[in-house]
$ cat work18.pdb   # PDB, N, CA and C atoms and all ligand atoms
ATOM      1  N   MET K  21     100.303  97.115  72.180
ATOM      2  CA  MET K  21     100.507  97.887  73.402
ATOM      3  C   MET K  21     101.315  99.137  73.091
ATOM      4  N   THR K  22     100.789 100.258  73.410
ATOM      5  CA  THR K  22     101.476 101.503  73.101
ATOM      6  C   THR K  22     101.878 102.212  74.377
ATOM      7  N   PRO K  23     103.023 102.803  74.340
ATOM      8  CA  PRO K  23     103.411 103.628  75.490
ATOM      9  C   PRO K  23     102.439 104.791  75.596
ATOM     10  N   SER K  24     101.959 105.058  76.749
ATOM     11  CA  SER K  24     100.961 106.111  76.860
ATOM     12  C   SER K  24     101.205 106.922  78.117
ATOM     13  N   ILE K  25     100.210 107.643  78.509
ATOM     14  CA  ILE K  25     100.369 108.555  79.635
ATOM     15  C   ILE K  25     100.107 107.886  80.970
ATOM     16  N   ASN K  26      99.994 106.574  80.929
ATOM     17  CA  ASN K  26      99.747 105.878  82.192
ATOM     18  C   ASN K  26     100.820 106.213  83.217
ATOM     19  N   LYS K  27     100.389 106.392  84.412
ATOM     20  CA  LYS K  27     101.350 106.606  85.471
ATOM     21  C   LYS K  27     101.094 105.599  86.592
ATOM     22  N   GLU K  28     102.129 105.178  87.217
ATOM     23  CA  GLU K  28     102.027 104.223  88.321
ATOM     24  C   GLU K  28     101.309 102.955  87.877
ATOM     25  N   VAL K  29     101.558 102.543  86.685
ATOM     26  CA  VAL K  29     100.824 101.412  86.136
ATOM     27  C   VAL K  29     101.726 100.215  85.942
ATOM     28  N   SER K  30     103.011 100.440  85.984
ATOM     29  CA  SER K  30     103.940  99.409  85.568
ATOM     30  C   SER K  30     103.674  98.061  86.227
ATOM     31  N   ASP K  31     103.339  98.061  87.496
ATOM     32  CA  ASP K  31     103.088  96.768  88.133
ATOM     33  C   ASP K  31     101.696  96.701  88.764
ATOM     34  N   THR K  32     100.812  97.465  88.205
ATOM     35  CA  THR K  32      99.448  97.468  88.726
ATOM     36  C   THR K  32      98.652  96.306  88.156
ATOM     37  N   ARG K  33      97.996  95.613  89.026
ATOM     38  CA  ARG K  33      97.121  94.534  88.580
ATOM     39  C   ARG K  33      95.761  94.712  89.226
ATOM     40  N   LEU K  34      94.817  93.975  88.716
ATOM     41  CA  LEU K  34      93.453  94.141  89.191
ATOM     42  C   LEU K  34      93.324  93.866  90.677
ATOM     43  N   ALA K  35      94.061  92.910  91.160
ATOM     44  CA  ALA K  35      93.920  92.524  92.558
ATOM     45  C   ALA K  35      95.104  92.998  93.389
ATOM     46  N   ASP K  36      95.617  94.103  92.984
ATOM     47  CA  ASP K  36      96.817  94.597  93.647
ATOM     48  C   ASP K  36      96.465  95.326  94.941
ATOM     49  N   TYR K  37      95.865  94.599  95.844
ATOM     50  CA  TYR K  37      95.415  95.202  97.088
ATOM     51  C   TYR K  37      96.388  94.953  98.228
ATOM     52  N   SER K  38      97.341  94.083  97.990
ATOM     53  CA  SER K  38      97.990  93.445  99.114
ATOM     54  C   SER K  38      99.269  94.118  99.572
ATOM     55  N   LYS K  39      99.570  95.255  99.016
ATOM     56  CA  LYS K  39     100.798  95.880  99.468
ATOM     57  C   LYS K  39     100.626  97.355  99.741
ATOM     58  N   ASN K  40      99.664  97.652 100.543
ATOM     59  CA  ASN K  40      99.501  99.020 100.975
ATOM     60  C   ASN K  40      99.827  99.131 102.453
ATOM     61  N   LYS K  41     100.575 100.157 102.746
ATOM     62  CA  LYS K  41     100.939 100.413 104.130
ATOM     63  C   LYS K  41     100.309 101.705 104.588
ATOM     64  N   CYS K  42      99.921 101.709 105.814
ATOM     65  CA  CYS K  42      99.431 102.949 106.399
ATOM     66  C   CYS K  42     100.562 103.974 106.403
ATOM     67  N   PRO K  43     100.331 105.131 105.798
ATOM     68  CA  PRO K  43     101.384 106.149 105.780
ATOM     69  C   PRO K  43     101.620 106.761 107.158
ATOM     70  N   GLN K  44     100.720 106.512 108.036
ATOM     71  CA  GLN K  44     100.820 107.100 109.370
ATOM     72  C   GLN K  44     101.647 106.223 110.308
ATOM     73  N   CYS K  45     101.308 104.942 110.376
ATOM     74  CA  CYS K  45     101.959 104.085 111.366
ATOM     75  C   CYS K  45     102.698 102.909 110.731
ATOM     76  N   GLY K  46     102.532 102.720 109.426
ATOM     77  CA  GLY K  46     103.271 101.675 108.747
ATOM     78  C   GLY K  46     102.638 100.307 108.817
ATOM     79  N   GLU K  47     101.462 100.212 109.405
ATOM     80  CA  GLU K  47     100.764  98.930 109.461
ATOM     81  C   GLU K  47     100.367  98.484 108.059
ATOM     82  N   TRP K  48     100.510  97.201 107.792
ATOM     83  CA  TRP K  48     100.073  96.683 106.497
ATOM     84  C   TRP K  48      98.561  96.647 106.439
ATOM     85  N   LEU K  49      98.033  97.096 105.315
ATOM     86  CA  LEU K  49      96.593  97.083 105.104
ATOM     87  C   LEU K  49      96.273  96.036 104.048
ATOM     88  N   LEU K  50      95.426  95.112 104.413
ATOM     89  CA  LEU K  50      95.209  93.963 103.536
ATOM     90  C   LEU K  50      94.198  94.227 102.439
ATOM     91  N   ALA K  51      93.224  95.019 102.714
ATOM     92  CA  ALA K  51      92.184  95.263 101.720
ATOM     93  C   ALA K  51      91.593  96.649 101.949
ATOM     94  N   PRO K  52      91.188  97.273 100.886
ATOM     95  CA  PRO K  52      90.563  98.581 101.048
ATOM     96  C   PRO K  52      89.209  98.471 101.717
ATOM     97  N   GLU K  53      88.882  99.484 102.460
ATOM     98  CA  GLU K  53      87.585  99.522 103.115
ATOM     99  C   GLU K  53      86.471  99.675 102.085
ATOM    100  N   TRP K  54      86.794 100.380 101.036
ATOM    101  CA  TRP K  54      85.791 100.694 100.022
ATOM    102  C   TRP K  54      86.501 100.883  98.703
ATOM    103  N   SER K  55      85.894 100.408  97.646
ATOM    104  CA  SER K  55      86.449 100.608  96.319
ATOM    105  C   SER K  55      85.378 101.195  95.415
ATOM    106  N   GLU K  56      85.742 102.258  94.767
ATOM    107  CA  GLU K  56      84.775 102.952  93.925
ATOM    108  C   GLU K  56      85.302 103.015  92.501
ATOM    109  N   TYR K  57      84.523 102.492  91.587
ATOM    110  CA  TYR K  57      84.931 102.558  90.187
ATOM    111  C   TYR K  57      84.602 103.934  89.638
ATOM    112  N   ARG K  58      85.628 104.651  89.289
ATOM    113  CA  ARG K  58      85.424 106.000  88.775
ATOM    114  C   ARG K  58      85.270 105.967  87.260
ATOM    115  N   SER K  59      85.859 104.983  86.659
ATOM    116  CA  SER K  59      85.710 104.766  85.225
ATOM    117  C   SER K  59      86.149 103.343  84.958
ATOM    118  N   GLU K  60      86.123 102.952  83.689
ATOM    119  CA  GLU K  60      86.545 101.595  83.359
ATOM    120  C   GLU K  60      87.991 101.358  83.748
ATOM    121  N   ARG K  61      88.745 102.391  83.793
ATOM    122  CA  ARG K  61      90.185 102.228  83.964
ATOM    123  C   ARG K  61      90.710 102.866  85.238
ATOM    124  N   CYS K  62      89.829 103.272  86.081
ATOM    125  CA  CYS K  62      90.295 103.906  87.310
ATOM    126  C   CYS K  62      89.422 103.486  88.484
ATOM    127  N   VAL K  63      90.072 103.043  89.521
ATOM    128  CA  VAL K  63      89.367 102.675  90.735
ATOM    129  C   VAL K  63      89.960 103.470  91.891
ATOM    130  N   ARG K  64      89.112 103.973  92.714
ATOM    131  CA  ARG K  64      89.585 104.652  93.921
ATOM    132  C   ARG K  64      89.348 103.748  95.105
ATOM    133  N   HIS K  65      90.412 103.470  95.824
ATOM    134  CA  HIS K  65      90.307 102.676  97.035
ATOM    135  C   HIS K  65      90.356 103.601  98.236
ATOM    136  N   THR K  66      89.469 103.349  99.150
ATOM    137  CA  THR K  66      89.499 104.064 100.415
ATOM    138  C   THR K  66      90.002 103.102 101.481
ATOM    139  N   TRP K  67      91.039 103.502 102.158
ATOM    140  CA  TRP K  67      91.680 102.642 103.150
ATOM    141  C   TRP K  67      91.465 103.212 104.533
ATOM    142  N   SER K  68      91.369 102.332 105.486
ATOM    143  CA  SER K  68      91.232 102.757 106.863
ATOM    144  C   SER K  68      92.108 101.866 107.727
ATOM    145  N   CYS K  69      92.970 102.457 108.479
ATOM    146  CA  CYS K  69      93.919 101.697 109.267
ATOM    147  C   CYS K  69      93.309 101.288 110.607
ATOM    148  N   ASP K  70      93.356 100.009 110.884
ATOM    149  CA  ASP K  70      92.833  99.512 112.156
ATOM    150  C   ASP K  70      93.680  99.935 113.335
ATOM    151  N   MET K  71      94.949 100.123 113.055
ATOM    152  CA  MET K  71      95.870 100.413 114.150
ATOM    153  C   MET K  71      95.725 101.841 114.670
ATOM    154  N   CYS K  72      95.718 102.789 113.771
ATOM    155  CA  CYS K  72      95.741 104.182 114.211
ATOM    156  C   CYS K  72      94.526 104.966 113.737
ATOM    157  N   GLY K  73      93.707 104.338 112.913
ATOM    158  CA  GLY K  73      92.498 105.002 112.481
ATOM    159  C   GLY K  73      92.684 105.949 111.310
ATOM    160  N   TYR K  74      93.887 105.996 110.783
ATOM    161  CA  TYR K  74      94.153 106.880 109.662
ATOM    162  C   TYR K  74      93.409 106.400 108.420
ATOM    163  N   ALA K  75      92.813 107.313 107.691
ATOM    164  CA  ALA K  75      92.087 106.960 106.469
ATOM    165  C   ALA K  75      92.677 107.731 105.305
ATOM    166  N   PHE K  76      92.763 107.071 104.183
ATOM    167  CA  PHE K  76      93.291 107.736 102.997
ATOM    168  C   PHE K  76      92.760 107.042 101.752
ATOM    169  N   GLU K  77      92.993 107.674 100.628
ATOM    170  CA  GLU K  77      92.490 107.133  99.374
ATOM    171  C   GLU K  77      93.631 106.944  98.397
ATOM    172  N   THR K  78      93.482 105.940  97.567
ATOM    173  CA  THR K  78      94.432 105.761  96.483
ATOM    174  C   THR K  78      93.646 105.587  95.187
ATOM    175  N   ASP K  79      94.217 106.105  94.127
ATOM    176  CA  ASP K  79      93.621 105.913  92.813
ATOM    177  C   ASP K  79      94.476 104.931  92.038
ATOM    178  N   VAL K  80      93.824 103.948  91.474
ATOM    179  CA  VAL K  80      94.552 102.949  90.690
ATOM    180  C   VAL K  80      94.093 103.068  89.242
ATOM    181  N   PHE K  81      95.079 103.200  88.373
ATOM    182  CA  PHE K  81      94.771 103.314  86.948
ATOM    183  C   PHE K  81      95.218 102.033  86.256
ATOM    184  N   PHE K  82      94.311 101.461  85.522
ATOM    185  CA  PHE K  82      94.628 100.246  84.789
ATOM    186  C   PHE K  82      95.046 100.591  83.370
ATOM    187  N   ALA K  83      95.974  99.833  82.888
ATOM    188  CA  ALA K  83      96.335  99.969  81.492
ATOM    189  C   ALA K  83      95.159  99.560  80.619
ATOM    190  N   ALA K  84      95.050 100.181  79.497
ATOM    191  CA  ALA K  84      93.983  99.828  78.583
ATOM    192  C   ALA K  84      94.154  98.406  78.089
ATOM    193  N   ALA K  85      93.047  97.730  77.953
ATOM    194  CA  ALA K  85      93.120  96.388  77.402
ATOM    195  C   ALA K  85      93.615  96.467  75.962
ATOM    196  N   ALA K  86      94.452  95.545  75.616
ATOM    197  CA  ALA K  86      95.080  95.597  74.294
ATOM    198  C   ALA K  86      94.035  95.396  73.199
TER     199      ALA K  86
HETATM  200 ZN    ZN T   1      97.937 103.330 110.768
END
$ encode --input "work18.pdb" --output "structure tokens"
Amino acid sequence: MTPSINKEVSDTRLADYSKNKCPQCGEWLLAPEWSEYRSERCVRHTWSCDMCGYAFETDVFFAAAA
């Protein structure tokens, strides 16, 4: 395992869906509305808040497999 340019990876896991909050109203979002694999190591989640209708995207970068 080498230190690399990964960012926001320290506690990222494959199923790390369960701790996203709506930035608008603070409602907990349990699962992304849509997940798009941009590469082997990057997934973009599209979130949509049921409470206020706010939609946003997050990019998740996975550490390279050892
Ligand atoms: Zn919301």
$ closest_atom_pairs --input "work18.pdb" --of "chain K" --to "ligand ZN 1 (chain T)" --cutoff "8 Å" --atoms "all atoms listed in the file" --output "JSON lines"
{"residue": "K:Lys41", "atom": "C", "partner": "T:ZN1", "partner_atom": "ZN", "distance": 6.8}
{"residue": "K:Cys42", "atom": "CA", "partner": "T:ZN1", "partner_atom": "ZN", "distance": 4.6}
{"residue": "K:Pro43", "atom": "N", "partner": "T:ZN1", "partner_atom": "ZN", "distance": 5.8}
{"residue": "K:Gln44", "atom": "C", "partner": "T:ZN1", "partner_atom": "ZN", "distance": 4.7}
{"residue": "K:Cys45", "atom": "N", "partner": "T:ZN1", "partner_atom": "ZN", "distance": 3.8}
{"residue": "K:Gly46", "atom": "N", "partner": "T:ZN1", "partner_atom": "ZN", "distance": 4.8}
{"residue": "K:Glu47", "atom": "N", "partner": "T:ZN1", "partner_atom": "ZN", "distance": 4.9}
{"residue": "K:Trp48", "atom": "N", "partner": "T:ZN1", "partner_atom": "ZN", "distance": 7.3}
{"residue": "K:Ser68", "atom": "C", "partner": "T:ZN1", "partner_atom": "ZN", "distance": 6.7}
{"residue": "K:Cys69", "atom": "CA", "partner": "T:ZN1", "partner_atom": "ZN", "distance": 4.6}
{"residue": "K:Asp70", "atom": "N", "partner": "T:ZN1", "partner_atom": "ZN", "distance": 5.7}
{"residue": "K:Met71", "atom": "C", "partner": "T:ZN1", "partner_atom": "ZN", "distance": 4.7}
{"residue": "K:Cys72", "atom": "N", "partner": "T:ZN1", "partner_atom": "ZN", "distance": 3.8}
{"residue": "K:Gly73", "atom": "N", "partner": "T:ZN1", "partner_atom": "ZN", "distance": 4.8}
{"residue": "K:Tyr74", "atom": "N", "partner": "T:ZN1", "partner_atom": "ZN", "distance": 4.8}
{"residue": "K:Ala75", "atom": "N", "partner": "T:ZN1", "partner_atom": "ZN", "distance": 7.2}
$ write_last_selection --input "work18.pdb" --atoms "N, CA and C atoms" --output "tab-separated table (two decimals), in the frame of the given file"
chain	number	residue	atom	x	y	z
K	41	LYS	N	100.58	100.16	102.75
K	41	LYS	CA	100.94	100.41	104.13
K	41	LYS	C	100.31	101.70	104.59
K	42	CYS	N	99.92	101.71	105.81
K	42	CYS	CA	99.43	102.95	106.40
K	42	CYS	C	100.56	103.97	106.40
K	43	PRO	N	100.33	105.13	105.80
K	43	PRO	CA	101.38	106.15	105.78
K	43	PRO	C	101.62	106.76	107.16
K	44	GLN	N	100.72	106.51	108.04
K	44	GLN	CA	100.82	107.10	109.37
K	44	GLN	C	101.65	106.22	110.31
K	45	CYS	N	101.31	104.94	110.38
K	45	CYS	CA	101.96	104.08	111.37
K	45	CYS	C	102.70	102.91	110.73
K	46	GLY	N	102.53	102.72	109.43
K	46	GLY	CA	103.27	101.68	108.75
K	46	GLY	C	102.64	100.31	108.82
K	47	GLU	N	101.46	100.21	109.40
K	47	GLU	CA	100.76	98.93	109.46
K	47	GLU	C	100.37	98.48	108.06
K	48	TRP	N	100.51	97.20	107.79
K	48	TRP	CA	100.07	96.68	106.50
K	48	TRP	C	98.56	96.65	106.44
K	68	SER	N	91.37	102.33	105.49
K	68	SER	CA	91.23	102.76	106.86
K	68	SER	C	92.11	101.87	107.73
K	69	CYS	N	92.97	102.46	108.48
K	69	CYS	CA	93.92	101.70	109.27
K	69	CYS	C	93.31	101.29	110.61
K	70	ASP	N	93.36	100.01	110.88
K	70	ASP	CA	92.83	99.51	112.16
K	70	ASP	C	93.68	99.94	113.34
K	71	MET	N	94.95	100.12	113.06
K	71	MET	CA	95.87	100.41	114.15
K	71	MET	C	95.72	101.84	114.67
K	72	CYS	N	95.72	102.79	113.77
K	72	CYS	CA	95.74	104.18	114.21
K	72	CYS	C	94.53	104.97	113.74
K	73	GLY	N	93.71	104.34	112.91
K	73	GLY	CA	92.50	105.00	112.48
K	73	GLY	C	92.68	105.95	111.31
K	74	TYR	N	93.89	106.00	110.78
K	74	TYR	CA	94.15	106.88	109.66
K	74	TYR	C	93.41	106.40	108.42
K	75	ALA	N	92.81	107.31	107.69
K	75	ALA	CA	92.09	106.96	106.47
K	75	ALA	C	92.68	107.73	105.30
$ resolve_selection --input "work18.pdb" --expression "the PyMOL selection byres (((chain K and resi 82) around 6) and not hetatm)" --output "PyMOL selection string"
chain K and resi 61-62+80-81+83-84
$ residues_around --input "work18.pdb" --residues "Thr66 in chain K" --least-positions-apart "5" --cutoff "7 Å" --atoms "only N, CA and C atoms" --output "number ranges by chain"
K: 51-56, 75-78
$ atom_distance --input "work18.pdb" --atom1 "CA of Ser59 in chain K" --atom2 "atom C of Asn40 in chain K"
23.0 Å
$ axis_aligned_box --input "work18.pdb" --around "range 52-56 of chain K" --padding-each-side "8 Å" --output "lines of an AutoDock Vina configuration file"
center_x = 88.0
center_y = 100.1
center_z = 97.8
size_x = 22.4
size_y = 21.7
size_z = 26.6
